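So this block is start-v3.cif, mmCIF, C-alpha atoms:
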```
data_coords
loop_
_atom_site.label_atom_id
_atom_site.label_comp_id
_atom_site.auth_asym_id
_atom_site.auth_seq_id
_atom_site.Cartn_x
_atom_site.Cartn_y
_atom_site.Cartn_z
CA MET A 1 -95.67 -63.86 -39.75
CA THR A 2 -93.76 -63.21 -42.92
CA THR A 3 -89.99 -63.43 -43.15
CA ASP A 4 -87.85 -61.79 -45.73
CA PRO A 5 -85.78 -64.22 -47.70
CA ILE A 6 -82.07 -63.77 -47.11
CA GLN A 7 -79.54 -64.42 -49.75
CA ASN A 8 -76.87 -66.56 -48.17
CA PHE A 9 -73.46 -67.23 -49.47
CA GLY A 10 -74.10 -70.90 -50.09
CA ASP A 11 -77.46 -70.56 -51.81
CA PHE A 12 -77.80 -72.08 -55.21
CA SER A 13 -79.05 -69.74 -57.77
CA ILE A 14 -81.86 -72.02 -58.66
CA ASP A 15 -83.28 -71.91 -55.12
CA ASN A 16 -82.65 -68.30 -54.67
CA PRO A 17 -85.88 -66.45 -54.64
CA LEU A 18 -84.25 -63.12 -55.15
CA PRO A 19 -84.02 -61.76 -58.63
CA ARG A 20 -80.72 -62.50 -60.29
CA THR A 21 -78.69 -59.53 -61.05
CA SER A 22 -76.35 -59.72 -63.91
CA LEU A 23 -72.70 -58.84 -63.38
CA PRO A 24 -71.36 -56.01 -65.42
CA THR A 25 -69.97 -57.49 -68.59
CA ASP A 26 -68.50 -54.38 -70.08
CA LYS A 27 -65.18 -55.34 -71.52
CA ALA A 28 -62.69 -53.16 -73.20
CA PRO A 29 -62.67 -53.67 -76.89
CA VAL A 30 -59.82 -55.94 -77.98
CA PRO A 31 -57.51 -54.04 -80.24
CA THR A 32 -57.17 -55.72 -83.56
CA THR A 33 -53.73 -54.28 -84.41
CA LYS A 34 -50.59 -54.08 -82.23
CA PRO A 35 -49.39 -50.58 -81.36
CA LYS A 36 -46.20 -49.79 -83.22
CA LEU A 37 -43.07 -48.87 -81.27
CA ASN A 38 -42.23 -45.29 -81.56
CA PHE A 39 -38.45 -45.25 -81.89
CA LYS A 40 -38.37 -41.55 -81.58
CA ASP A 41 -39.69 -41.82 -78.04
CA PRO A 42 -36.78 -40.83 -75.70
CA LYS A 43 -37.55 -43.74 -73.34
CA ILE A 44 -37.33 -46.27 -76.12
CA MET A 45 -34.15 -44.63 -77.36
CA ALA A 46 -32.55 -44.82 -73.90
CA LEU A 47 -33.59 -48.45 -73.54
CA ALA A 48 -32.11 -49.30 -76.91
CA VAL A 49 -28.83 -47.54 -76.13
CA LEU A 50 -28.53 -49.31 -72.77
CA SER A 51 -29.29 -52.65 -74.39
CA VAL A 52 -26.56 -52.11 -76.94
CA ILE A 53 -24.09 -51.17 -74.19
CA LEU A 54 -25.10 -54.24 -72.21
CA ILE A 55 -24.57 -56.53 -75.17
CA LEU A 56 -21.20 -54.95 -75.92
CA LEU A 57 -20.12 -55.38 -72.31
CA LEU A 58 -21.24 -58.99 -72.30
CA VAL A 59 -19.25 -59.69 -75.44
CA ALA A 60 -16.23 -57.86 -73.99
CA SER A 61 -16.43 -59.79 -70.72
CA LEU A 62 -16.66 -63.06 -72.61
CA VAL A 63 -13.56 -62.23 -74.61
CA VAL A 64 -11.65 -61.12 -71.52
CA THR A 65 -12.66 -64.23 -69.55
CA LEU A 66 -11.60 -66.54 -72.35
CA SER A 67 -8.27 -64.82 -72.81
CA ARG A 68 -7.59 -64.86 -69.06
CA LYS A 69 -8.38 -68.56 -68.81
CA VAL A 70 -5.69 -69.28 -71.34
CA THR A 71 -2.99 -67.01 -70.02
CA THR A 72 -3.45 -66.78 -66.24
CA SER A 73 -4.52 -70.19 -65.08
CA VAL A 74 -1.53 -70.23 -62.71
CA TYR A 75 -0.13 -66.89 -61.69
CA GLN A 76 3.59 -66.69 -62.12
CA PRO A 77 5.21 -63.50 -61.01
CA THR A 78 7.63 -62.03 -63.48
CA ALA A 79 11.02 -61.21 -62.14
CA TYR A 80 11.30 -57.60 -63.13
CA PRO A 81 14.57 -55.92 -62.39
CA THR A 82 14.10 -53.79 -59.33
CA GLN A 83 15.82 -50.60 -58.58
CA ALA A 84 18.63 -50.93 -56.10
CA PRO A 85 17.87 -49.37 -52.70
CA SER A 86 19.40 -45.95 -52.49
CA PRO A 87 22.05 -45.75 -49.82
CA THR A 88 21.16 -43.71 -46.77
CA PRO A 89 23.06 -40.47 -46.32
CA MET A 90 24.79 -41.98 -43.28
CA THR A 91 26.28 -44.86 -45.23
CA LEU A 92 27.07 -42.76 -48.26
CA ASN A 93 30.35 -41.67 -46.72
CA VAL A 94 31.27 -45.12 -45.47
CA PRO A 95 34.15 -46.63 -47.41
CA GLU A 96 33.33 -49.54 -49.67
CA GLU A 97 35.36 -52.01 -47.62
CA TRP A 98 33.16 -51.34 -44.57
CA LYS A 99 29.77 -51.24 -46.23
CA GLY A 100 29.56 -54.98 -46.76
CA LYS A 101 30.66 -55.72 -43.21
CA LEU A 102 28.10 -53.34 -41.72
CA ASN A 103 25.36 -54.80 -43.89
CA VAL A 104 26.10 -58.28 -42.58
CA VAL A 105 25.96 -57.05 -38.99
CA GLN A 106 22.71 -55.23 -39.61
CA SER A 107 21.15 -58.30 -41.17
CA GLU A 108 22.17 -60.33 -38.12
CA ILE A 109 20.51 -57.81 -35.84
CA GLY A 110 17.33 -58.17 -37.86
CA THR A 111 17.44 -61.96 -37.63
CA THR A 112 14.95 -63.62 -35.30
CA VAL A 113 15.56 -67.08 -33.94
CA ASP A 114 12.09 -67.74 -32.59
CA PHE A 115 10.99 -71.34 -32.92
CA ALA A 116 7.61 -71.53 -31.23
CA PRO A 117 7.05 -74.64 -29.12
CA PRO A 118 4.08 -76.84 -30.05
CA GLU A 119 0.73 -76.33 -28.39
CA PHE A 120 -1.04 -79.48 -27.33
CA ASP A 121 -3.36 -81.01 -24.78
CA THR A 122 -1.47 -82.21 -21.71
CA GLN A 123 -4.64 -83.80 -20.34
CA ILE A 124 -4.90 -86.64 -22.85
CA GLY A 125 -6.07 -89.76 -21.08
CA ILE A 126 -6.54 -88.06 -17.73
CA MET B 1 -21.98 -43.00 -65.78
CA PHE B 2 -22.96 -44.50 -62.46
CA LEU B 3 -25.08 -47.07 -64.22
CA LEU B 4 -22.22 -47.88 -66.55
CA PHE B 5 -19.85 -48.28 -63.60
CA PHE B 6 -22.36 -50.51 -61.86
CA LEU B 7 -22.69 -52.65 -64.96
CA LEU B 8 -18.93 -52.93 -65.27
CA ALA B 9 -18.59 -53.95 -61.65
CA PHE B 10 -21.32 -56.50 -62.12
CA LEU B 11 -19.85 -57.93 -65.27
CA PHE B 12 -16.21 -58.17 -64.20
CA PRO B 13 -16.23 -59.50 -60.66
CA GLN B 14 -13.89 -62.38 -61.48
CA SER B 15 -11.52 -60.24 -63.41
CA ALA B 16 -11.33 -57.80 -60.53
CA MET B 17 -10.70 -60.64 -58.11
CA ALA B 18 -8.06 -62.10 -60.37
CA GLN B 19 -6.36 -58.75 -60.49
CA THR B 20 -6.49 -58.45 -56.70
CA VAL B 21 -5.02 -61.92 -56.27
CA ALA B 22 -2.36 -61.21 -58.83
CA THR B 23 -1.49 -57.95 -57.14
CA SER B 24 -1.26 -59.52 -53.70
CA ALA B 25 0.82 -62.37 -55.05
CA ALA B 26 3.10 -59.89 -56.70
CA THR B 27 3.37 -57.99 -53.44
CA VAL B 28 4.36 -61.15 -51.64
CA GLU B 29 6.77 -62.27 -54.26
CA THR B 30 8.42 -58.94 -54.94
CA PRO B 31 10.78 -58.85 -51.93
CA ALA B 32 12.14 -62.29 -52.78
CA VAL B 33 12.65 -61.32 -56.39
CA ALA B 34 14.21 -58.03 -55.39
CA THR B 35 16.57 -59.74 -52.96
CA SER B 36 17.66 -62.34 -55.43
CA THR B 37 18.14 -59.74 -58.11
CA ALA B 38 20.14 -57.54 -55.79
CA LEU B 39 22.33 -60.45 -54.79
CA ALA B 40 22.71 -61.82 -58.26
CA SER B 41 23.56 -58.70 -60.18
CA PRO B 42 24.39 -55.66 -58.08
CA SER B 43 25.10 -52.54 -60.00
CA ALA B 44 28.83 -51.99 -60.20
CA THR B 45 28.49 -48.26 -59.73
CA THR B 46 25.99 -47.92 -56.90
CA ILE B 47 26.01 -51.10 -54.86
CA PRO B 48 29.21 -52.25 -53.21
CA LEU B 49 30.12 -55.89 -53.40
CA SER B 50 29.06 -57.46 -50.14
CA PRO B 51 30.74 -60.58 -48.82
CA THR B 52 29.15 -63.72 -50.20
CA PRO B 53 26.73 -65.03 -47.55
CA THR B 54 27.80 -68.47 -46.45
CA ILE B 55 24.94 -70.72 -45.39
CA ASN B 56 25.64 -72.54 -42.18
CA PRO B 57 25.23 -76.32 -42.70
CA ALA B 58 23.58 -76.54 -39.28
CA LEU B 59 20.93 -74.15 -40.50
CA ILE B 60 20.14 -76.40 -43.46
CA LEU B 61 19.96 -79.38 -41.14
CA PHE B 62 17.67 -77.44 -38.84
CA GLN B 63 15.30 -76.71 -41.74
CA GLN B 64 15.08 -80.45 -42.46
CA TYR B 65 14.38 -81.30 -38.82
CA ARG B 66 11.85 -78.52 -38.68
CA GLN B 67 9.98 -80.03 -41.62
CA ASP B 68 9.97 -83.36 -39.82
CA TYR B 69 8.52 -81.66 -36.75
CA LEU B 70 5.82 -79.91 -38.80
CA TYR B 71 4.83 -83.24 -40.35
CA ASN B 72 4.56 -84.84 -36.91
CA ARG B 73 2.54 -81.88 -35.71
CA ASP B 74 0.01 -82.51 -38.46
CA LEU B 75 -0.15 -86.17 -37.50
CA TYR B 76 -0.78 -85.22 -33.88
CA GLN B 77 -3.61 -82.89 -34.83
CA GLN B 78 -5.31 -85.67 -36.78
CA ALA B 79 -4.81 -88.19 -33.98
CA TYR B 80 -6.09 -85.72 -31.40
CA LEU B 81 -9.28 -85.03 -33.35
CA ASN B 82 -9.91 -88.76 -33.60
CA TYR B 83 -9.26 -89.16 -29.86
CA ALA B 84 -11.68 -86.36 -28.99
CA GLN B 85 -14.35 -87.93 -31.19
CA LYS B 86 -13.92 -91.42 -29.71
CA LYS B 87 -13.94 -89.99 -26.21
CA ASP B 88 -17.27 -88.25 -26.86
CA VAL B 89 -18.78 -91.44 -28.29
CA TYR B 90 -17.71 -93.41 -25.24
CA THR B 91 -19.09 -90.78 -22.88
CA LYS B 92 -22.40 -91.01 -24.69
CA TYR B 93 -22.83 -94.81 -25.01
CA GLN B 94 -20.54 -96.28 -22.33
CA THR B 95 -20.23 -99.64 -24.10
CA LEU B 96 -17.30 -102.02 -24.20
CA THR B 97 -16.79 -101.45 -27.93
CA THR B 98 -16.69 -97.67 -27.61
CA GLN B 99 -14.36 -98.00 -24.63
CA ALA B 100 -11.96 -100.14 -26.66
CA ASP B 101 -12.12 -97.59 -29.45
CA LYS B 102 -11.41 -94.78 -27.04
CA ILE B 103 -8.40 -96.57 -25.52
CA SER B 104 -7.01 -97.24 -28.97
CA ALA B 105 -7.51 -93.61 -30.07
CA THR B 106 -5.97 -92.33 -26.81
CA LYS B 107 -2.88 -94.45 -27.31
CA ALA B 108 -2.55 -93.17 -30.88
CA ALA B 109 -2.89 -89.57 -29.70
CA LEU B 110 -0.32 -90.06 -26.93
CA THR B 111 2.15 -91.58 -29.37
CA ALA B 112 1.59 -88.77 -31.86
CA ARG B 113 2.03 -86.17 -29.11
CA ASN B 114 5.30 -87.75 -27.95
CA ASN B 115 6.59 -87.91 -31.51
CA MET B 116 5.67 -84.29 -32.15
CA LEU B 117 7.40 -83.10 -29.00
CA ARG B 118 10.43 -85.31 -29.62
CA THR B 119 10.90 -83.99 -33.15
CA TYR B 120 10.50 -80.42 -31.89
CA LEU B 121 13.21 -80.93 -29.28
CA MET B 122 15.41 -82.58 -31.88
CA ALA B 123 15.01 -79.62 -34.26
CA LEU B 124 15.74 -77.21 -31.41
CA ARG B 125 18.86 -79.16 -30.46
CA VAL B 126 20.12 -78.92 -34.03
CA TYR B 127 19.21 -75.23 -34.15
CA LEU B 128 21.48 -74.62 -31.17
CA ASP B 129 24.42 -75.76 -33.31
CA VAL B 130 24.05 -72.73 -35.58
CA TYR B 131 25.43 -70.17 -33.10
CA LYS B 132 26.93 -72.62 -30.64
CA SER B 133 30.53 -71.38 -30.94
CA ASN B 134 29.74 -68.22 -28.95
CA ASP B 135 28.93 -70.07 -25.75
CA THR B 136 29.85 -73.68 -26.27
CA THR B 137 29.69 -74.87 -22.67
CA ASN B 138 26.18 -73.68 -21.85
CA THR B 139 24.85 -74.59 -25.26
CA GLU B 140 26.15 -78.13 -24.99
CA LYS B 141 24.60 -78.41 -21.55
CA TYR B 142 21.17 -77.65 -23.02
CA GLN B 143 21.78 -79.91 -26.00
CA ILE B 144 22.54 -82.84 -23.69
CA GLU B 145 19.42 -82.07 -21.66
CA LEU B 146 17.28 -81.93 -24.78
CA GLN B 147 18.71 -85.22 -25.99
CA LYS B 148 17.84 -86.87 -22.68
CA LEU B 149 14.27 -85.65 -23.00
CA GLU B 150 14.09 -86.95 -26.55
CA SER B 151 15.16 -90.37 -25.28
CA TRP B 152 12.56 -90.21 -22.53
CA LEU B 153 9.84 -89.43 -25.05
CA SER B 154 10.97 -92.32 -27.25
CA GLU B 155 10.75 -94.64 -24.25
CA GLN B 156 7.29 -93.32 -23.51
CA ASN B 157 6.09 -94.56 -26.87
CA SER B 158 6.91 -98.15 -25.93
CA VAL B 159 5.22 -97.59 -22.56
CA VAL B 160 2.11 -96.26 -24.30
CA ASN B 161 1.96 -99.39 -26.48
CA SER B 162 1.64 -101.56 -23.39
CA LEU B 163 -1.27 -99.57 -21.90
CA ASN B 164 -4.54 -101.52 -21.89
CA ASN B 165 -6.96 -99.80 -19.57
CA ASP B 166 -8.12 -96.37 -18.46
CA ASP B 167 -6.26 -96.48 -15.16
CA ASP B 168 -2.91 -97.16 -16.80
CA ILE B 169 -3.54 -94.42 -19.36
CA LYS B 170 -4.45 -91.97 -16.63
CA SER B 171 -1.30 -92.83 -14.70
CA ASN B 172 0.78 -92.33 -17.83
CA GLY B 173 -0.86 -88.96 -18.44
CA GLN B 174 0.01 -87.85 -14.92
CA ASP B 175 3.61 -88.96 -15.35
CA PHE B 176 3.81 -86.92 -18.52
CA GLN B 177 2.38 -83.85 -16.83
CA ALA B 178 5.04 -84.06 -14.13
CA LYS B 179 7.78 -84.46 -16.71
CA TYR B 180 6.42 -81.66 -18.87
CA VAL B 181 7.60 -79.12 -16.27
CA THR B 182 11.18 -80.22 -16.98
CA ILE B 183 10.55 -80.27 -20.71
CA GLN B 184 9.23 -76.70 -20.71
CA GLN B 185 12.11 -75.53 -18.58
CA ALA B 186 14.62 -77.08 -20.97
CA LEU B 187 13.07 -75.96 -24.22
CA TYR B 188 12.49 -72.34 -23.20
CA SER B 189 16.00 -72.16 -21.74
CA ALA B 190 17.36 -73.52 -25.01
CA LEU B 191 15.42 -70.90 -26.96
CA VAL B 192 16.86 -68.12 -24.80
CA GLN B 193 20.34 -69.60 -25.11
CA ASN B 194 20.03 -69.71 -28.88
CA GLU B 195 19.11 -66.05 -29.16
CA TYR B 196 21.77 -65.19 -26.60
CA ASN B 197 24.36 -66.92 -28.80
CA LEU B 198 23.26 -65.01 -31.88
CA ARG B 199 23.31 -61.59 -30.19
CA LEU B 200 26.65 -62.36 -28.56
CA HIS B 201 28.05 -63.28 -31.95
CA THR B 202 26.91 -59.93 -33.38
CA LEU B 203 28.43 -58.10 -30.42
CA ASN B 204 31.75 -59.89 -30.89
CA VAL B 205 31.77 -58.97 -34.56
CA ILE B 206 31.14 -55.30 -33.72
CA LYS B 207 33.88 -55.37 -31.10
CA SER B 208 36.32 -56.90 -33.57
CA TYR B 209 35.54 -54.13 -36.06
CA ALA B 210 36.06 -51.50 -33.36
CA ALA B 211 39.40 -53.10 -32.50
CA GLU B 212 40.31 -53.08 -36.19
CA ILE B 213 39.66 -49.34 -36.37
CA GLN B 214 41.60 -48.74 -33.19
CA VAL B 215 44.77 -50.26 -34.62
CA SER B 216 44.38 -48.42 -37.91
CA PRO B 217 46.50 -45.28 -38.55
CA ASN B 218 43.61 -42.98 -37.66
CA GLY B 219 42.52 -45.08 -34.68
CA ALA B 220 44.00 -42.81 -32.05
CA LYS B 221 41.94 -39.87 -33.29
CA VAL B 222 38.65 -41.61 -32.65
CA ASN B 223 39.63 -43.21 -29.38
CA ASP B 224 36.93 -41.37 -27.43
CA LEU B 225 34.24 -42.66 -29.72
CA LEU B 226 35.57 -46.18 -29.44
CA THR B 227 35.43 -45.93 -25.67
CA ALA B 228 31.74 -45.03 -25.96
CA ILE B 229 31.23 -48.16 -28.03
CA THR B 230 32.89 -50.24 -25.33
CA ILE B 231 30.56 -48.81 -22.70
CA LYS B 232 27.51 -49.52 -24.79
CA SER B 233 28.67 -53.03 -25.47
CA ASP B 234 28.68 -53.59 -21.71
CA ASN B 235 24.97 -52.76 -21.74
CA VAL B 236 24.43 -55.46 -24.34
CA THR B 237 26.36 -57.99 -22.30
CA SER B 238 24.50 -57.20 -19.10
CA ASN B 239 21.10 -57.54 -20.79
CA LEU B 240 22.10 -60.81 -22.38
CA GLN B 241 23.28 -62.12 -19.04
CA SER B 242 20.00 -61.05 -17.41
CA ALA B 243 18.11 -62.98 -20.06
CA LEU B 244 20.13 -66.08 -19.25
CA ASP B 245 19.76 -65.59 -15.50
CA GLU B 246 16.00 -65.70 -15.85
CA THR B 247 16.23 -69.28 -17.10
CA THR B 248 17.59 -70.52 -13.77
CA PRO B 249 14.78 -72.64 -12.29
CA ASP B 250 13.18 -71.56 -9.05
CA LEU B 251 14.02 -74.22 -6.49
CA TYR B 252 10.97 -73.44 -4.37
CA ALA B 253 8.56 -73.86 -7.25
CA SER B 254 9.99 -76.96 -8.89
CA LEU B 255 6.62 -78.70 -9.13
CA SER B 256 5.28 -76.12 -11.56
CA PHE B 257 6.78 -74.29 -14.48
CA THR B 258 7.47 -70.60 -14.03
CA ASN B 259 7.23 -68.94 -17.40
CA PHE B 260 10.39 -66.87 -17.57
CA TYR B 261 10.42 -66.65 -21.36
CA PRO B 262 8.64 -63.27 -21.74
CA THR B 263 11.02 -61.63 -19.27
CA SER B 264 14.03 -63.15 -20.97
CA LYS B 265 12.73 -61.96 -24.33
CA LYS B 266 12.43 -58.46 -22.94
CA TYR B 267 16.12 -58.46 -21.99
CA LEU B 268 17.09 -59.95 -25.34
CA SER B 269 15.11 -57.28 -27.13
CA LEU B 270 16.87 -54.57 -25.12
CA ALA B 271 20.22 -56.10 -25.99
CA ASN B 272 19.29 -56.07 -29.64
CA GLN B 273 18.30 -52.43 -29.37
CA TYR B 274 21.73 -51.59 -27.97
CA LEU B 275 23.30 -53.56 -30.80
CA THR B 276 21.44 -51.41 -33.32
CA GLU B 277 22.80 -48.30 -31.62
CA LEU B 278 26.27 -49.80 -31.63
CA VAL B 279 26.15 -50.27 -35.39
CA SER B 280 25.18 -46.61 -35.81
CA ASP B 281 28.01 -45.56 -33.52
CA LEU B 282 30.43 -47.77 -35.39
CA THR B 283 29.34 -46.25 -38.69
CA SER B 284 30.02 -42.78 -37.29
CA VAL B 285 33.43 -43.88 -36.05
CA ILE B 286 34.29 -45.31 -39.45
CA ILE B 287 33.28 -42.11 -41.24
CA GLN B 288 35.20 -39.91 -38.81
CA SER B 289 38.29 -42.06 -38.90
CA GLN B 290 38.31 -41.81 -42.70
CA ASN B 291 37.78 -38.05 -42.74
CA GLN B 292 40.58 -37.15 -40.36
#
```

Rewrite the structure of this file - the entire thing - as C-alpha cells.
Amino acid sequence: MTTDPIQNFGDFSIDNPLPRTSLPTDKAPVPTTKPKLNFKDPKIMALAVLSVILILLLVASLVVTLSRKVTTSVYQPTAYPTQAPSPTPMTLNVPEEWKGKLNVVQSEIGTTVDFAPPEFDTQIGI
Amino acid sequence: MFLLFFLLAFLFPQSAMAQTVATSAATVETPAVATSTALASPSATTIPLSPTPTINPALILFQQYRQDYLYNRDLYQQAYLNYAQKKDVYTKYQTLTTQADKISATKAALTARNNMLRTYLMALRVYLDVYKSNDTTNTEKYQIELQKLESWLSEQNSVVNSLNNDDDIKSNGQDFQAKYVTIQQALYSALVQNEYNLRLHTLNVIKSYAAEIQVSPNGAKVNDLLTAITIKSDNVTSNLQSALDETTPDLYASLSFTNFYPTSKKYLSLANQYLTELVSDLTSVIIQSQNQ
C-alpha cells in the first residue's frame, strides 16, 4: 500500500520529499533618483499655503501669550466712569428734596436681613 | 474659512478662557464700581444729591461677629470630618486605640459644634441691635434669650471636656438634642423679629413722610390719597404682626420644633410688597401735591 507524502506545516525542507517551489521574487525596481516635488500641483500649493498660515498663527499665539503673561497675570478691573441711571418717568416730576428720601426708603425695601443658621449634625456621639 | 476658524480656536484656547474670565470678573465688579462712582461723583445736573448714608455701628460689629462665626464654622467642618473618619475606623477595627481616638475626635467635634453655634447666636444677637429701636421690648427679650443660650453652650464645652466614655458622650448628645429645640425656636424667632424691625422702620419712615405732606400747604388737596396710604399701611402692620404671631411656640408640641419660619417669611414678604406699593403711592402723592 502506497501513501502519498503530505507536506505538513512543521516539516523541514530537507526532509520534505516534495519538490521545493520557489517563492516569487519579483521586486519592483528601486528608483535611483527621488521624484521632484511639483510645486505647481494644486495639492502641494494648498499644503504650502496652509503650512504658512499655521506657522504664522503659531508665531502670533506665542506673541499674544507672552504679552498676556506680562500684563494680565492678575486681573484688575478698571474703574470706568459709568453712565448715571436715567430717572424713571415717575420720579422725573418728583422734587429734588424728595428724591433722596424716596431712594433711601426704596433701598431699605430691597434690603434683606437673612442670616442663615448653620447646618450641622445633631447626632454626634449618639 | 472653517478650517481657519478651527485652527484659531485650537490655537487660542487660553486666550479665549482668559477673556471669558476677565469678562465675568468685570461683570461681577461693575455694579460695585458703578455704585461707588455714583456715590462719589454724582452729576450735578442729572442726579440729585441723596442724603449721605450713615453706617450703623451695630452693622459693622455684626460683620465682625459674622466673620468670627464663619471661622468657627470652618473649624467645625474640619473637626466633623475627622470625627467621621475616626468613627469609621473604630467601627471597622473595634480596638481600644481606635476607641480612644474616636472619643477624642468626638469631643473635638462637639466642642467645635458648640463654638460654631455660640458664635452664630452671638452674631445674631448683635444683628438685632441694628433695627432694635423699632420694637425694643420684644427685641431685647430675644437678645436675652440668645445670650442665655450662648452661656449654656459655653458651659457645654466644659462638660464635653470631662467626658471619657461612649455612654457619657451619648448622654451629652441627647441633652443637646433636647436643648436644640429651644435653640431653634429662639434663633428663628430672632430672625423674624429682625426683619420685622426693619420693615416696621421703613413703614414708620413712609408714614412720617405722609404726615409731612399732610401738614404742607398743599396737604389738604391730597387728603384722599393720604387716607389710601394709611389703609395700605394697616395691611403692612397686620402682615408683620402675623409673622410675629407665628413665632409663638406651640405648647402641645414643645418636645419638637415646629418650623414656623417659612410661614413667617411669607407674611414678611407680603408686608414688603405692600411697602413697595406704598412708596409708589407716596411718589404719586408728592407729585400731585406739587402740581396743585

query = What is the distance between atom CA of Leu121 of chain B and atom CA of Thr237 of chain B, in Å to one decimal?
reply = 27.3 Å

key: Target residues per the PyMOL selection byres ((chain B and resi 93-103) around 10), formatted as a list in words   =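 On the file shown, the PyMOL selection byres ((chain B and resi 93-103) around 10) covers Gly125 of chain A; Asn82, Tyr83, Ala84, Gln85, Lys86, Lys87, Asp88, Val89, Tyr90, Thr91, Lys92, Ser104, Ala105, Thr106, Lys107, Ala108, Ala109, Leu163, Asn164, Asn165, Asp166 and Ile169 of chain B.
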
remark   = What separates atom CA of Ala123 of chain B and atom CA of Asn103 of chain A is a distance of 28.6 Å

query = Quick one: residues within 10 Å of Lys101 of chain A, all atoms listed in the file counted, chain neighbours fewer than 3 positions away excluded, as a PyMOL selection string?
reply = (chain A and resi 96-98+104-106) or (chain B and resi 50-51+205-206+209)

Export, as a PDB file, in the frame of the given file, the selected residues with C-alpha atoms.
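As a result, again-v6.pdb now contains:
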```
ATOM      1  CA  GLU A  96      33.330 -49.540 -49.670  1.00  0.00           C
ATOM      2  CA  GLU A  97      35.360 -52.010 -47.620  1.00  0.00           C
ATOM      3  CA  TRP A  98      33.160 -51.340 -44.570  1.00  0.00           C
ATOM      4  CA  VAL A 104      26.100 -58.280 -42.580  1.00  0.00           C
ATOM      5  CA  VAL A 105      25.960 -57.050 -38.990  1.00  0.00           C
ATOM      6  CA  GLN A 106      22.710 -55.230 -39.610  1.00  0.00           C
TER       7      GLN A 106
ATOM      8  CA  SER B  50      29.060 -57.460 -50.140  1.00  0.00           C
ATOM      9  CA  PRO B  51      30.740 -60.580 -48.820  1.00  0.00           C
ATOM     10  CA  VAL B 205      31.770 -58.970 -34.560  1.00  0.00           C
ATOM     11  CA  ILE B 206      31.140 -55.300 -33.720  1.00  0.00           C
ATOM     12  CA  TYR B 209      35.540 -54.130 -36.060  1.00  0.00           C
TER      13      TYR B 209
END
```

task = To verify the selection step, state as a VMD selection string which residues the PyMOL selection byres ((chain B and resi 68) around 12) yields on this input.
result = chain B and resid 61 to 67 69 to 75 115 to 124

task = Pick out the residues sitting within 10 Å of Gln185 of chain B, and hand them over as a ChimeraX atom specification; count all atoms listed in the file, and ignore anything fewer than 5 positions along from it in its own chain.
result = /B:180,190,247-249,256-261

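Nearest residue to chain B, choosing from A:Ala60, A:Ile55, A:Val94, A:Ala46 and counting all atoms listed in the file: A:Val94.
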
request  = Work out how far apart atom CA of Asn134 of chain B and atom CA of Gln273 of chain B are and give it in Å to one decimal.
outcome  =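 Computing the Euclidean distance for atom CA of Asn134 of chain B and atom CA of Gln273 of chain B yields 19.5 Å.
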
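Those DNA, RNA and protein residues that approach the point (28.3, -44.7, -39.4) to within 10 Å, considering only C-alpha atoms, are Pro89, Met90, Thr91, Leu92, Asn93, Val94, Trp98, Lys99 and Leu102 of chain A; Leu278, Val279, Ser280, Asp281, Leu282, Thr283, Ser284, Val285, Ile286, Ile287 and Gln288 of chain B.
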
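You can rank B:Leu226, B:Val159, B:Leu110, B:Val215 by their closest distance to chain A using all atoms listed in the file, and at the top of that list sits B:Leu110.
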
I want to know what sits within 12 Å of Thr111 of chain A, based on only C-alpha atoms, with residues of the same chain fewer than 5 positions away left out; could you give that as a PDB file with C-alpha atoms, keeping the file's coordinate frame?
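As written to disk, part-v6.pdb reads:
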```pdb
ATOM      1  CA  VAL A 104      26.100 -58.280 -42.580  1.00  0.00           C
ATOM      2  CA  VAL A 105      25.960 -57.050 -38.990  1.00  0.00           C
ATOM      3  CA  GLN A 106      22.710 -55.230 -39.610  1.00  0.00           C
TER       4      GLN A 106
ATOM      5  CA  ASN B 194      20.030 -69.710 -28.880  1.00  0.00           C
ATOM      6  CA  GLU B 195      19.110 -66.050 -29.160  1.00  0.00           C
ATOM      7  CA  LEU B 198      23.260 -65.010 -31.880  1.00  0.00           C
ATOM      8  CA  ARG B 199      23.310 -61.590 -30.190  1.00  0.00           C
ATOM      9  CA  THR B 202      26.910 -59.930 -33.380  1.00  0.00           C
ATOM     10  CA  SER B 269      15.110 -57.280 -27.130  1.00  0.00           C
ATOM     11  CA  ASN B 272      19.290 -56.070 -29.640  1.00  0.00           C
TER      12      ASN B 272
END
```

May I have the centre and edge lengths, in Å to one decimal, of an axis-aligned box around the listed atoms of segment 83-89 of chain B with 8 Å added to every side, as AutoDock Vina command-line options?
```
--center_x -14.0 --center_y -88.9 --center_z -28.7 --size_x 25.5 --size_y 21.1 --size_z 21.0
```

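Minimum atom-to-atom distances from B:Leu187, B:Ile231, B:Ala243, B:Ala210 to chain A were compared using all atoms listed in the file, and the lowest value belongs to B:Leu187.
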